[in-house]
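Raw entry-v4.csv, CSV, C-alpha atoms:
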```csv
chain,number,residue,atom,x,y,z
A,1,MET,CA,-5.6,9.7,-4.9
A,2,ILE,CA,-7.6,9.0,-1.7
A,3,ASN,CA,-5.6,6.6,0.4
A,4,PRO,CA,-7.3,3.6,2.0
A,5,PHE,CA,-5.6,4.3,5.3
A,6,THR,CA,-5.2,7.2,7.8
A,7,ILE,CA,-1.9,8.4,9.0
A,8,LYS,CA,-2.0,8.9,12.7
A,9,SER,CA,1.6,10.1,13.1
A,10,ASP,CA,4.8,10.4,11.0
A,11,GLN,CA,8.0,10.9,13.0
A,12,THR,CA,11.7,10.3,13.0
A,13,SER,CA,12.9,8.1,15.8
A,14,GLU,CA,16.0,8.7,17.9
A,15,THR,CA,17.9,6.2,15.7
A,16,GLY,CA,16.9,8.1,12.5
A,17,GLU,CA,14.2,5.7,11.3
A,18,ARG,CA,11.0,7.2,9.9
A,19,ILE,CA,8.2,5.6,11.9
A,20,VAL,CA,4.6,5.9,10.7
A,21,VAL,CA,1.5,5.0,12.7
A,22,TYR,CA,-1.4,4.2,10.5
A,23,TYR,CA,-5.1,3.0,10.7
A,24,VAL,CA,-6.8,0.9,8.1
A,25,VAL,CA,-10.3,-0.6,7.9
A,26,LYS,CA,-11.3,-3.7,5.9
A,27,ASN,CA,-14.9,-4.6,5.0
A,28,ILE,CA,-15.5,-8.4,4.5
A,29,ARG,CA,-18.6,-9.9,2.9
A,30,ASN,CA,-19.0,-13.7,3.5
A,31,ALA,CA,-20.9,-16.2,1.5
A,32,ASP,CA,-24.2,-15.4,3.3
A,33,LYS,CA,-23.8,-11.8,2.1
A,34,HIS,CA,-23.3,-10.6,5.7
A,35,SER,CA,-20.6,-8.1,6.2
A,36,SER,CA,-18.2,-7.4,9.0
A,37,THR,CA,-15.5,-4.9,9.5
A,38,MET,CA,-11.9,-5.3,10.8
A,39,SER,CA,-9.6,-2.5,11.6
A,40,ILE,CA,-6.0,-2.2,12.7
A,41,GLU,CA,-3.8,0.5,14.0
A,42,ALA,CA,-0.1,-0.3,13.7
A,43,SER,CA,3.3,1.3,13.1
A,44,ILE,CA,5.9,0.6,10.5
A,45,ALA,CA,9.4,1.8,9.6
A,46,ILE,CA,9.5,3.4,6.1
A,47,PRO,CA,12.8,2.5,4.3
A,48,GLU,CA,15.0,5.5,3.5
A,49,GLY,CA,14.2,6.9,0.1
A,50,ARG,CA,10.8,5.3,-0.2
A,51,ASP,CA,7.6,7.2,-0.6
A,52,ARG,CA,5.5,6.7,2.5
A,53,ASP,CA,2.1,6.2,0.8
A,54,GLU,CA,3.4,3.9,-1.9
A,55,PHE,CA,5.2,1.8,0.7
A,56,LEU,CA,2.1,1.5,2.9
A,57,ILE,CA,-0.1,0.5,-0.1
A,58,GLU,CA,2.4,-2.2,-1.1
A,59,HIS,CA,2.7,-3.4,2.6
A,60,LEU,CA,-1.1,-3.5,3.1
A,61,THR,CA,-1.7,-5.2,-0.3
A,62,GLU,CA,0.8,-7.9,0.5
A,63,GLY,CA,-0.8,-8.4,3.9
A,64,GLY,CA,-4.3,-8.8,2.4
A,65,TRP,CA,-5.7,-5.5,3.8
A,66,LEU,CA,-6.2,-4.0,0.4
```

Please re-express this file's structure in structure tokens.
Amino acid sequence: MINPFTIKSDQTSETGERIVVYYVVKNIRNADKHSSTMSIEASIAIPEGRDRDEFLIEHLTEGGWL
């Protein structure tokens, strides 16, 4: 599967948390059929035992990015 985001870094912090920096782009089409693009680069802690990509997809879907 091709992910709708780009992983910029995936590291373990000094406290043992897995921190992922990601980049995602969202294309928006309004009622006038004009489109615009929004993007975000952010970091998130991945819970222990969770798959990184599955967790990010869930997170971004809940936030309205996917």

Distance CA of Thr6 in chain A-CA of Ser39 in chain A, one decimal place?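 Result for CA of Thr6 in chain A versus CA of Ser39 in chain A: 11.3 Å, one decimal.
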
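Among the candidate residues A:Trp65, A:Ile28, A:Thr15, A:Asp10, the one lying nearest to Ser43 in chain A is A:Asp10, with distances computed using only C-alpha atoms.
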
In terms of the shortest atom-to-atom distance over all atoms listed in the file, which of A:Ala45, A:His59, A:Arg52, A:Pro4 is closest to Lys26 in chain A?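 For Lys26 in chain A, the nearest of the candidates is A:Pro4.
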
Nearest to Pro47 in chain A, chosen from A:Ala31, A:Leu66, A:Val20, A:Leu60, with only C-alpha atoms counted in the distances: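 Of the candidates, the smallest distance to Pro47 in chain A is held by A:Val20.
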
Residues near Gly16 in chain A, cut-off 12 Å, only C-alpha atoms, skip fewer than 2 positions along chain, as a count of residues only: 10

In Å, with one decimal, what is the gap from CA of Asp32 in chain A to CA of Thr61 in chain A?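 CA of Thr61 in chain A lies at a distance of 25.0 Å from CA of Asp32 in chain A.
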
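The spacing separating CA of Ile57 in chain A from CA of His34 in chain A amounts to 26.4 Å.
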
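Of the residues listed (A:Ile2, A:Leu56, A:Ile44, A:Met38), A:Met38 shows the shortest atom-to-atom separation from Val25 in chain A; distances use all atoms listed in the file.
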
In terms of all atoms listed in the file, the residue from A:Ser9, A:Val21, A:Glu58, A:Gly64 at minimal distance from Ala42 in chain A is A:Val21
